[in-house]
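What follows is the content of data_35.pdb (PDB, C-alpha atoms, pLDDT in the B column).
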MODEL        1
ATOM      1  CA  SER A 265     161.486 189.562  86.593  1.00 46.00           C
ATOM      2  CA  GLN A 266     164.938 188.014  86.996  1.00 51.00           C
ATOM      3  CA  GLN A 267     166.185 187.230  90.460  1.00 66.00           C
ATOM      4  CA  GLY A 268     169.815 187.275  89.350  1.00 73.00           C
ATOM      5  CA  GLU A 269     171.897 189.431  87.075  1.00 82.00           C
ATOM      6  CA  GLU A 270     175.211 188.380  85.620  1.00 85.00           C
ATOM      7  CA  ASP A 271     178.135 190.637  84.945  1.00 86.00           C
ATOM      8  CA  PRO A 272     179.645 191.128  82.445  1.00 92.00           C
ATOM      9  CA  GLN A 273     177.014 190.532  79.772  1.00 92.00           C
ATOM     10  CA  ALA A 274     179.732 189.399  77.384  1.00 95.00           C
ATOM     11  CA  LEU A 275     183.344 188.322  77.825  1.00 96.00           C
ATOM     12  CA  SER A 276     185.984 187.475  75.248  1.00 97.00           C
ATOM     13  CA  ILE A 277     189.280 185.866  76.275  1.00 96.00           C
ATOM     14  CA  GLN A 278     192.140 183.894  74.785  1.00 97.00           C
ATOM     15  CA  GLU A 279     192.383 180.164  75.257  1.00 97.00           C
ATOM     16  CA  GLY A 280     194.337 179.353  78.408  1.00 97.00           C
ATOM     17  CA  GLU A 281     193.239 182.481  80.263  1.00 97.00           C
ATOM     18  CA  ASN A 282     190.895 182.464  83.235  1.00 97.00           C
ATOM     19  CA  ALA A 283     187.302 183.674  82.939  1.00 97.00           C
ATOM     20  CA  THR A 284     185.404 185.232  85.818  1.00 97.00           C
ATOM     21  CA  MET A 285     181.685 185.874  85.806  1.00 96.00           C
ATOM     22  CA  ASN A 286     179.668 187.473  88.564  1.00 96.00           C
ATOM     23  CA  CYS A 287     176.076 187.113  89.656  1.00 94.00           C
ATOM     24  CA  SER A 288     174.090 189.367  91.945  1.00 93.00           C
ATOM     25  CA  TYR A 289     170.698 188.490  93.313  1.00 91.00           C
ATOM     26  CA  LYS A 290     168.006 190.265  95.263  1.00 88.00           C
ATOM     27  CA  THR A 291     166.517 188.117  98.016  1.00 85.00           C
ATOM     28  CA  SER A 292     167.593 185.438 100.467  1.00 86.00           C
ATOM     29  CA  ILE A 293     168.305 182.070  98.925  1.00 88.00           C
ATOM     30  CA  ASN A 294     168.758 178.446  99.926  1.00 88.00           C
ATOM     31  CA  ASN A 295     171.249 177.730  97.167  1.00 91.00           C
ATOM     32  CA  LEU A 296     172.735 179.135  93.991  1.00 93.00           C
ATOM     33  CA  GLN A 297     173.563 177.210  90.843  1.00 94.00           C
ATOM     34  CA  TRP A 298     175.498 177.848  87.649  1.00 96.00           C
ATOM     35  CA  TYR A 299     174.432 176.496  84.273  1.00 97.00           C
ATOM     36  CA  ARG A 300     175.990 176.529  80.822  1.00 97.00           C
ATOM     37  CA  GLN A 301     174.109 176.886  77.546  1.00 97.00           C
ATOM     38  CA  ASN A 302     175.718 176.166  74.231  1.00 96.00           C
ATOM     39  CA  SER A 303     174.175 177.877  71.222  1.00 92.00           C
ATOM     40  CA  GLY A 304     170.875 176.285  70.247  1.00 89.00           C
ATOM     41  CA  ARG A 305     170.899 173.840  73.140  1.00 92.00           C
ATOM     42  CA  GLY A 306     169.333 173.418  76.547  1.00 94.00           C
ATOM     43  CA  LEU A 307     171.020 174.437  79.766  1.00 96.00           C
ATOM     44  CA  VAL A 308     173.428 172.088  81.505  1.00 97.00           C
ATOM     45  CA  HIS A 309     173.948 172.139  85.255  1.00 96.00           C
ATOM     46  CA  LEU A 310     177.532 172.891  86.322  1.00 97.00           C
ATOM     47  CA  ILE A 311     177.635 173.349  90.078  1.00 96.00           C
ATOM     48  CA  LEU A 312     175.446 174.096  93.110  1.00 95.00           C
ATOM     49  CA  ILE A 313     176.548 175.990  96.210  1.00 95.00           C
ATOM     50  CA  ARG A 314     174.417 176.189  99.323  1.00 93.00           C
ATOM     51  CA  SER A 315     173.820 179.326 101.346  1.00 92.00           C
ATOM     52  CA  ASN A 316     176.019 178.052 104.203  1.00 94.00           C
ATOM     53  CA  GLU A 317     178.968 177.415 101.865  1.00 96.00           C
ATOM     54  CA  ARG A 318     181.461 180.040 100.764  1.00 97.00           C
ATOM     55  CA  GLU A 319     183.414 178.251  98.057  1.00 98.00           C
ATOM     56  CA  LYS A 320     183.104 175.146  95.933  1.00 97.00           C
ATOM     57  CA  HIS A 321     185.273 173.515  93.283  1.00 96.00           C
ATOM     58  CA  SER A 322     184.518 171.163  90.423  1.00 96.00           C
ATOM     59  CA  GLY A 323     187.333 170.440  87.997  1.00 97.00           C
ATOM     60  CA  ARG A 324     188.330 173.763  86.407  1.00 97.00           C
ATOM     61  CA  LEU A 325     185.356 175.538  87.988  1.00 98.00           C
ATOM     62  CA  ARG A 326     185.473 177.530  91.203  1.00 98.00           C
ATOM     63  CA  VAL A 327     182.369 179.135  92.645  1.00 98.00           C
ATOM     64  CA  THR A 328     182.206 181.558  95.534  1.00 98.00           C
ATOM     65  CA  LEU A 329     179.162 182.820  97.377  1.00 97.00           C
ATOM     66  CA  ASP A 330     178.875 185.920  99.551  1.00 96.00           C
ATOM     67  CA  THR A 331     175.407 185.995 101.077  1.00 94.00           C
ATOM     68  CA  SER A 332     176.063 189.307 102.836  1.00 94.00           C
ATOM     69  CA  LYS A 333     176.598 190.950  99.449  1.00 95.00           C
ATOM     70  CA  LYS A 334     174.072 188.717  97.678  1.00 94.00           C
ATOM     71  CA  SER A 335     176.619 187.830  95.044  1.00 95.00           C
ATOM     72  CA  SER A 336     178.428 184.870  93.545  1.00 96.00           C
ATOM     73  CA  SER A 337     181.262 184.412  91.116  1.00 97.00           C
ATOM     74  CA  LEU A 338     182.164 181.631  88.704  1.00 97.00           C
ATOM     75  CA  LEU A 339     185.810 181.207  87.764  1.00 98.00           C
ATOM     76  CA  ILE A 340     186.794 178.985  84.858  1.00 98.00           C
ATOM     77  CA  THR A 341     190.517 178.332  84.884  1.00 97.00           C
ATOM     78  CA  ALA A 342     192.678 177.515  81.855  1.00 97.00           C
ATOM     79  CA  SER A 343     189.807 178.164  79.464  1.00 97.00           C
ATOM     80  CA  ARG A 344     189.333 176.155  76.287  1.00 97.00           C
ATOM     81  CA  ALA A 345     187.539 176.944  73.037  1.00 97.00           C
ATOM     82  CA  ALA A 346     184.913 174.384  74.076  1.00 96.00           C
ATOM     83  CA  ASP A 347     184.027 176.617  77.045  1.00 97.00           C
ATOM     84  CA  THR A 348     182.482 179.103  74.617  1.00 98.00           C
ATOM     85  CA  ALA A 349     178.863 179.336  75.760  1.00 97.00           C
ATOM     86  CA  SER A 350     176.448 181.414  77.813  1.00 97.00           C
ATOM     87  CA  TYR A 351     176.610 181.006  81.566  1.00 97.00           C
ATOM     88  CA  PHE A 352     173.653 181.568  83.870  1.00 95.00           C
ATOM     89  CA  CYS A 353     173.307 181.741  87.606  1.00 94.00           C
ATOM     90  CA  ALA A 354     170.112 180.372  89.088  1.00 93.00           C
ATOM     91  CA  THR A 355     168.692 180.916  92.522  1.00 90.00           C
ATOM     92  CA  ASP A 356     165.818 179.544  94.487  1.00 84.00           C
ATOM     93  CA  LEU A 357     163.900 181.695  96.911  1.00 70.00           C
ATOM     94  CA  SER A 358     164.013 180.777 100.566  1.00 60.00           C
ATOM     95  CA  GLY A 359     160.590 180.598 102.111  1.00 55.00           C
ATOM     96  CA  GLY A 360     157.376 179.890 100.294  1.00 53.00           C
ATOM     97  CA  TYR A 361     157.369 177.752  97.178  1.00 59.00           C
ATOM     98  CA  GLN A 362     160.913 176.973  96.170  1.00 67.00           C
ATOM     99  CA  LYS A 363     161.387 177.676  92.490  1.00 77.00           C
ATOM    100  CA  VAL A 364     164.509 178.068  90.399  1.00 84.00           C
ATOM    101  CA  THR A 365     164.828 181.372  88.557  1.00 86.00           C
ATOM    102  CA  PHE A 366     167.626 182.337  86.207  1.00 89.00           C
ATOM    103  CA  GLY A 367     169.724 185.415  85.703  1.00 87.00           C
ATOM    104  CA  THR A 368     170.375 187.254  82.475  1.00 87.00           C
ATOM    105  CA  GLY A 369     173.501 185.321  81.516  1.00 92.00           C
ATOM    106  CA  THR A 370     177.098 186.032  80.507  1.00 95.00           C
ATOM    107  CA  LYS A 371     178.125 185.194  76.960  1.00 96.00           C
ATOM    108  CA  LEU A 372     181.684 183.840  77.027  1.00 97.00           C
ATOM    109  CA  GLN A 373     183.820 183.550  73.916  1.00 97.00           C
ATOM    110  CA  VAL A 374     187.132 181.725  74.171  1.00 97.00           C
ATOM    111  CA  ILE A 375     189.364 182.455  71.203  1.00 97.00           C
ATOM    112  CA  PRO A 376     191.664 179.589  70.171  1.00 94.00           C
TER
ATOM    113  CA  ASP B 212     168.750 157.542  80.231  1.00 63.00           C
ATOM    114  CA  ALA B 213     167.702 159.537  77.153  1.00 82.00           C
ATOM    115  CA  GLY B 214     167.314 162.758  79.087  1.00 95.00           C
ATOM    116  CA  VAL B 215     164.397 165.152  78.830  1.00 97.00           C
ATOM    117  CA  ILE B 216     162.729 164.803  75.451  1.00 97.00           C
ATOM    118  CA  GLN B 217     160.852 167.665  73.854  1.00 98.00           C
ATOM    119  CA  SER B 218     158.852 167.749  70.654  1.00 97.00           C
ATOM    120  CA  PRO B 219     158.644 169.237  68.184  1.00 97.00           C
ATOM    121  CA  ARG B 220     162.134 170.710  67.863  1.00 97.00           C
ATOM    122  CA  HIS B 221     160.847 173.507  65.657  1.00 97.00           C
ATOM    123  CA  GLU B 222     157.317 174.794  65.165  1.00 97.00           C
ATOM    124  CA  VAL B 223     156.194 177.433  62.693  1.00 97.00           C
ATOM    125  CA  THR B 224     152.577 178.449  62.812  1.00 97.00           C
ATOM    126  CA  GLU B 225     150.295 181.284  61.911  1.00 97.00           C
ATOM    127  CA  MET B 226     148.765 183.714  64.339  1.00 97.00           C
ATOM    128  CA  GLY B 227     145.554 182.385  65.814  1.00 97.00           C
ATOM    129  CA  GLN B 228     146.477 178.730  65.530  1.00 97.00           C
ATOM    130  CA  GLU B 229     146.696 176.370  68.472  1.00 97.00           C
ATOM    131  CA  VAL B 230     150.180 175.192  69.411  1.00 98.00           C
ATOM    132  CA  THR B 231     150.973 172.180  71.587  1.00 98.00           C
ATOM    133  CA  LEU B 232     154.450 171.541  72.924  1.00 98.00           C
ATOM    134  CA  ARG B 233     155.303 168.190  74.440  1.00 98.00           C
ATOM    135  CA  CYS B 234     157.740 166.995  77.069  1.00 98.00           C
ATOM    136  CA  LYS B 235     158.829 163.650  78.441  1.00 98.00           C
ATOM    137  CA  PRO B 236     160.782 164.094  81.698  1.00 98.00           C
ATOM    138  CA  ILE B 237     163.508 161.832  83.001  1.00 97.00           C
ATOM    139  CA  SER B 238     162.012 158.779  84.652  1.00 96.00           C
ATOM    140  CA  GLY B 239     161.905 159.122  88.428  1.00 95.00           C
ATOM    141  CA  HIS B 240     162.036 162.904  88.454  1.00 96.00           C
ATOM    142  CA  ASP B 241     159.164 164.299  90.511  1.00 94.00           C
ATOM    143  CA  TYR B 242     159.459 167.909  89.331  1.00 94.00           C
ATOM    144  CA  LEU B 243     158.762 169.282  85.872  1.00 96.00           C
ATOM    145  CA  PHE B 244     159.282 172.852  84.722  1.00 95.00           C
ATOM    146  CA  TRP B 245     158.343 174.870  81.654  1.00 97.00           C
ATOM    147  CA  TYR B 246     160.559 177.866  80.802  1.00 96.00           C
ATOM    148  CA  ARG B 247     160.449 180.359  77.960  1.00 96.00           C
ATOM    149  CA  GLN B 248     163.606 182.033  76.627  1.00 96.00           C
ATOM    150  CA  THR B 249     163.702 185.240  74.596  1.00 94.00           C
ATOM    151  CA  MET B 250     166.409 187.794  73.969  1.00 89.00           C
ATOM    152  CA  MET B 251     164.380 190.520  75.635  1.00 88.00           C
ATOM    153  CA  ARG B 252     163.214 188.716  78.766  1.00 88.00           C
ATOM    154  CA  GLY B 253     165.766 185.940  79.184  1.00 90.00           C
ATOM    155  CA  LEU B 254     164.651 182.699  80.820  1.00 93.00           C
ATOM    156  CA  GLU B 255     161.221 182.923  82.411  1.00 92.00           C
ATOM    157  CA  LEU B 256     159.676 180.214  84.547  1.00 93.00           C
ATOM    158  CA  LEU B 257     156.142 179.646  83.303  1.00 95.00           C
ATOM    159  CA  ILE B 258     154.926 176.826  85.526  1.00 94.00           C
ATOM    160  CA  TYR B 259     156.205 173.887  87.507  1.00 93.00           C
ATOM    161  CA  PHE B 260     154.687 170.610  88.658  1.00 95.00           C
ATOM    162  CA  ASN B 261     155.435 168.332  91.575  1.00 93.00           C
ATOM    163  CA  ASN B 262     154.141 164.767  91.314  1.00 95.00           C
ATOM    164  CA  ASN B 263     151.973 165.827  88.345  1.00 95.00           C
ATOM    165  CA  VAL B 264     150.308 168.628  90.333  1.00 95.00           C
ATOM    166  CA  PRO B 265     150.811 172.257  89.255  1.00 94.00           C
ATOM    167  CA  ILE B 266     152.511 174.079  92.129  1.00 91.00           C
ATOM    168  CA  ASP B 267     153.175 177.546  90.766  1.00 89.00           C
ATOM    169  CA  ASP B 268     151.736 178.903  87.537  1.00 91.00           C
ATOM    170  CA  SER B 269     152.289 182.564  88.326  1.00 89.00           C
ATOM    171  CA  GLY B 270     154.619 182.862  85.348  1.00 90.00           C
ATOM    172  CA  MET B 271     152.021 181.822  82.798  1.00 93.00           C
ATOM    173  CA  PRO B 272     151.575 185.023  80.816  1.00 87.00           C
ATOM    174  CA  GLU B 273     147.890 184.835  79.925  1.00 85.00           C
ATOM    175  CA  ASP B 274     144.857 182.606  79.787  1.00 91.00           C
ATOM    176  CA  ARG B 275     145.938 181.648  76.288  1.00 95.00           C
ATOM    177  CA  PHE B 276     148.602 179.477  77.912  1.00 97.00           C
ATOM    178  CA  SER B 277     147.771 176.218  79.649  1.00 97.00           C
ATOM    179  CA  ALA B 278     149.872 173.315  80.861  1.00 98.00           C
ATOM    180  CA  LYS B 279     148.957 169.792  81.870  1.00 97.00           C
ATOM    181  CA  MET B 280     150.720 166.793  83.279  1.00 97.00           C
ATOM    182  CA  PRO B 281     148.352 163.832  82.973  1.00 97.00           C
ATOM    183  CA  ASN B 282     150.973 161.369  84.211  1.00 95.00           C
ATOM    184  CA  ALA B 283     154.544 161.221  85.443  1.00 95.00           C
ATOM    185  CA  SER B 284     156.000 160.728  81.976  1.00 96.00           C
ATOM    186  CA  PHE B 285     154.269 163.383  79.913  1.00 97.00           C
ATOM    187  CA  SER B 286     153.458 167.079  79.963  1.00 98.00           C
ATOM    188  CA  THR B 287     152.056 169.531  77.446  1.00 98.00           C
ATOM    189  CA  LEU B 288     152.142 173.285  77.107  1.00 98.00           C
ATOM    190  CA  LYS B 289     149.365 174.653  74.928  1.00 98.00           C
ATOM    191  CA  ILE B 290     148.945 178.119  73.461  1.00 97.00           C
ATOM    192  CA  GLN B 291     145.535 178.912  72.044  1.00 97.00           C
ATOM    193  CA  PRO B 292     145.289 181.192  70.133  1.00 96.00           C
ATOM    194  CA  SER B 293     148.945 181.865  69.389  1.00 97.00           C
ATOM    195  CA  GLU B 294     150.303 185.362  68.748  1.00 96.00           C
ATOM    196  CA  PRO B 295     153.573 186.599  67.196  1.00 97.00           C
ATOM    197  CA  ARG B 296     154.806 187.748  70.622  1.00 95.00           C
ATOM    198  CA  ASP B 297     154.725 184.129  71.761  1.00 97.00           C
ATOM    199  CA  SER B 298     157.675 183.404  69.482  1.00 97.00           C
ATOM    200  CA  ALA B 299     160.461 182.068  71.696  1.00 97.00           C
ATOM    201  CA  VAL B 300     162.341 178.941  72.671  1.00 97.00           C
ATOM    202  CA  TYR B 301     160.336 176.881  75.147  1.00 98.00           C
ATOM    203  CA  PHE B 302     162.272 174.576  77.443  1.00 98.00           C
ATOM    204  CA  CYS B 303     161.066 171.747  79.562  1.00 98.00           C
ATOM    205  CA  ALA B 304     163.202 170.640  82.499  1.00 96.00           C
ATOM    206  CA  SER B 305     162.856 167.948  85.129  1.00 96.00           C
ATOM    207  CA  SER B 306     164.430 167.482  88.527  1.00 94.00           C
ATOM    208  CA  PRO B 307     164.577 164.804  91.188  1.00 93.00           C
ATOM    209  CA  ASP B 308     164.782 167.350  94.007  1.00 86.00           C
ATOM    210  CA  ASN B 309     163.668 170.808  92.809  1.00 83.00           C
ATOM    211  CA  GLU B 310     167.292 171.877  92.854  1.00 87.00           C
ATOM    212  CA  LYS B 311     169.378 170.538  89.995  1.00 91.00           C
ATOM    213  CA  LEU B 312     167.456 170.856  86.727  1.00 94.00           C
ATOM    214  CA  PHE B 313     167.905 168.742  83.620  1.00 96.00           C
ATOM    215  CA  PHE B 314     166.844 170.551  80.466  1.00 97.00           C
ATOM    216  CA  GLY B 315     165.514 169.318  77.163  1.00 97.00           C
ATOM    217  CA  SER B 316     166.791 170.697  73.877  1.00 96.00           C
ATOM    218  CA  GLY B 317     163.877 173.100  73.595  1.00 97.00           C
ATOM    219  CA  THR B 318     161.203 173.893  71.035  1.00 98.00           C
ATOM    220  CA  GLN B 319     161.846 176.888  68.784  1.00 98.00           C
ATOM    221  CA  LEU B 320     158.411 178.431  68.206  1.00 98.00           C
ATOM    222  CA  SER B 321     157.791 180.977  65.481  1.00 98.00           C
ATOM    223  CA  VAL B 322     154.335 182.508  65.193  1.00 97.00           C
ATOM    224  CA  LEU B 323     153.883 184.412  61.937  1.00 96.00           C
TER
ENDMDL
END
So, in terms of structure tokens, how does the structure I just supplied come out?
Amino acid sequence: SQQGEEDPQALSIQEGENATMNCSYKTSINNLQWYRQNSGRGLVHLILIRSNEREKHSGRLRVTLDTSKKSSSLLITASRAADTASYFCATDLSGGYQKVTFGTGTKLQVIP
Amino acid sequence: DAGVIQSPRHEVTEMGQEVTLRCKPISGHDYLFWYRQTMMRGLELLIYFNNNVPIDDSGMPEDRFSAKMPNASFSTLKIQPSEPRDSAVYFCASSPDNEKLFFGSGTQLSVL
């Protein structure tokens, strides 16, 4: 079963707008990551945020983490058509064997 | 670096046949993962290795599935006998630290 669930399942925006995706997870984690998957391709790592961090930036990406609510959000600012892809959050599980499990994904479409 | 290399890119086979998927991880990465992606179940972790040793195979669906890593530069995922419900995209990923994963392009498997 998935550890994380993304919301919304699908999102369609105009180029230049901001896109926000949310991820909720079930158990305590050491870190949370976001990945992008273009159609027919493998996943590409975007950003990692640790459980003791609340916010992280990378270029046009901003990630927040709220461990009390077991949730994270990914904000893509000034979106471009090339940002069209599926976005997944991934969590490890603190304690025991650390393994990376993925959420259900948000399909983002950026309309030129 | 060429990245994670998977072969074949596409595989079409008939029910009951043996299927072998191959993966070459990034040199120097100590962790190797096999994931399966379907529309219904999303991305599922099947098994992962650390230093060629299987650490967690709890995601392997049945005894029909087996995975090996005979050396640091090669891994196989075998399905014998294959069934139509095994149809999916199978991804191999490697990691230097069991955090950030680098994915291959995947093998699209169709079992008729």
Practice task
Could you please tell me, as a VMD selection string, which residues of chain A have an atom within 12 Å of chain B when using only C-alpha atoms?
Solution key: chain A and resid 265 to 270 293 to 314 350 352 to 357 360 to 370
Problem - Result set, the PyMOL selection byres ((chain A and resi 275) around 12) on current file, as a ChimeraX atom specification - result: /A:270-274,276-278,281-286,347-351,369-375
Practice task
Grab the atom CA of Ser343 of chain A to atom CA of Cys287 of chain A distance for me, in Å with one decimal place.
Solution key: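 Value for the atom CA of Ser343 of chain A-atom CA of Cys287 of chain A distance: 19.3 Å.
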Handout entry: Surrounding residues of segment 225-241 of chain B excluding itself and chain neighbours under 5 positions, 6 Å, only C-alpha atoms, as a list of chain:residue names
Key = B:Gly214, B:Val215, B:Ile216, B:Gln217, B:Ser218, B:Asn261, B:Asn262, B:Ser284, B:Phe285, B:Ser286, B:Thr287, B:Leu288, B:Lys289, B:Ile290, B:Gln291, B:Pro292, B:Ser293, B:Glu294, B:Ser305, B:Ser306, B:Pro307, B:Val322, B:Leu323
Just the selected residues (C-alpha atoms), exported as a tab-separated table (two decimals), in the frame of the given file, please.
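Output file part.tsv follows:
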chain	number	residue	atom	x	y	z
B	214	GLY	CA	167.31	162.76	79.09
B	215	VAL	CA	164.40	165.15	78.83
B	216	ILE	CA	162.73	164.80	75.45
B	217	GLN	CA	160.85	167.66	73.85
B	218	SER	CA	158.85	167.75	70.65
B	261	ASN	CA	155.44	168.33	91.58
B	262	ASN	CA	154.14	164.77	91.31
B	284	SER	CA	156.00	160.73	81.98
B	285	PHE	CA	154.27	163.38	79.91
B	286	SER	CA	153.46	167.08	79.96
B	287	THR	CA	152.06	169.53	77.45
B	288	LEU	CA	152.14	173.28	77.11
B	289	LYS	CA	149.36	174.65	74.93
B	290	ILE	CA	148.94	178.12	73.46
B	291	GLN	CA	145.54	178.91	72.04
B	292	PRO	CA	145.29	181.19	70.13
B	293	SER	CA	148.94	181.86	69.39
B	294	GLU	CA	150.30	185.36	68.75
B	305	SER	CA	162.86	167.95	85.13
B	306	SER	CA	164.43	167.48	88.53
B	307	PRO	CA	164.58	164.80	91.19
B	322	VAL	CA	154.34	182.51	65.19
B	323	LEU	CA	153.88	184.41	61.94
Problem - Separation of atom CA of Met280 of chain B from atom CA of Ser298 of chain B, in Å and rounded to one decimal - result: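 Distance reported for this atom pair: 22.7 Å.
Taking atom CA of Met271 of chain B and atom CA of Thr249 of chain B as the two end points, the separation is 14.7 Å.
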Problem - For Asn263 of chain B, the nearest of the candidates B:Ala213, B:Val223, B:Ala283, B:Ala299, counting all atoms listed in the file - result: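 Closest to Asn263 of chain B, using all atoms listed in the file: B:Ala283.
Evaluating the PyMOL selection byres ((chain A and resi 322-328) around 6) against the shown model yields Arg318, Glu319, Lys320, His321, Leu329, Ser336, Ser337, Leu338, Leu339, Ile340 and Thr341 of chain A.
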To box segment 277-287 of chain B, take all atoms listed in the file, fit an axis-aligned box, add 8 Å on each side, and give centre and edge lengths in Å to one decimal, as JSON.
{"center_x": 151.9, "center_y": 168.5, "center_z": 81.4, "size_x": 24.2, "size_y": 31.5, "size_z": 24.0}
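Candidate residues A:Lys290, A:Pro376, A:Gly280, A:Ala345 were compared for distance to Lys333 of chain A, and the nearest is A:Lys290, using only C-alpha atoms.
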Using the partial input, fill out segment 248-262 of chain B with N, CA, C and O atoms; write the result as a CSV table (one decimal), keeping the file's coordinate frame.
chain,number,residue,atom,x,y,z
B,248,GLN,N,162.4,181.2,76.8
B,248,GLN,CA,163.6,182.0,76.6
B,248,GLN,C,163.5,183.0,75.4
B,248,GLN,O,163.2,182.5,74.3
B,249,THR,N,163.7,184.2,75.7
B,249,THR,CA,163.7,185.2,74.6
B,249,THR,C,164.9,186.2,74.8
B,249,THR,O,165.4,186.2,76.0
B,250,MET,N,165.3,186.8,73.8
B,250,MET,CA,166.4,187.8,74.0
B,250,MET,C,166.0,188.9,74.9
B,250,MET,O,166.8,189.3,75.7
B,251,MET,N,164.8,189.4,74.8
B,251,MET,CA,164.4,190.5,75.6
B,251,MET,C,164.2,190.2,77.1
B,251,MET,O,164.6,191.0,78.0
B,252,ARG,N,163.6,189.0,77.4
B,252,ARG,CA,163.2,188.7,78.8
B,252,ARG,C,164.0,187.6,79.4
B,252,ARG,O,163.8,187.3,80.6
B,253,GLY,N,164.9,187.0,78.6
B,253,GLY,CA,165.8,185.9,79.2
B,253,GLY,C,165.0,184.7,79.4
B,253,GLY,O,164.0,184.4,78.7
B,254,LEU,N,165.3,183.9,80.5
B,254,LEU,CA,164.7,182.7,80.8
B,254,LEU,C,163.6,183.0,81.8
B,254,LEU,O,163.9,183.4,83.0
B,255,GLU,N,162.3,182.7,81.5
B,255,GLU,CA,161.2,182.9,82.4
B,255,GLU,C,160.6,181.6,82.8
B,255,GLU,O,160.3,180.8,82.0
B,256,LEU,N,160.4,181.4,84.1
B,256,LEU,CA,159.7,180.2,84.5
B,256,LEU,C,158.2,180.4,84.3
B,256,LEU,O,157.6,181.4,84.8
B,257,LEU,N,157.6,179.5,83.6
B,257,LEU,CA,156.1,179.6,83.3
B,257,LEU,C,155.3,178.9,84.4
B,257,LEU,O,154.4,179.5,84.9
B,258,ILE,N,155.7,177.7,84.6
B,258,ILE,CA,154.9,176.8,85.5
B,258,ILE,C,155.8,175.7,86.0
B,258,ILE,O,156.7,175.3,85.2
B,259,TYR,N,155.6,175.1,87.2
B,259,TYR,CA,156.2,173.9,87.5
B,259,TYR,C,155.2,173.0,88.3
B,259,TYR,O,154.3,173.4,88.9
B,260,PHE,N,155.5,171.7,88.1
B,260,PHE,CA,154.7,170.6,88.7
B,260,PHE,C,155.5,169.8,89.7
B,260,PHE,O,156.7,169.6,89.5
B,261,ASN,N,154.8,169.3,90.7
B,261,ASN,CA,155.4,168.3,91.6
B,261,ASN,C,154.5,167.1,91.6
B,261,ASN,O,153.3,167.3,92.0
B,262,ASN,N,155.0,166.0,91.3
B,262,ASN,CA,154.1,164.8,91.3
B,262,ASN,C,152.9,165.0,90.5
B,262,ASN,O,151.8,164.7,90.9
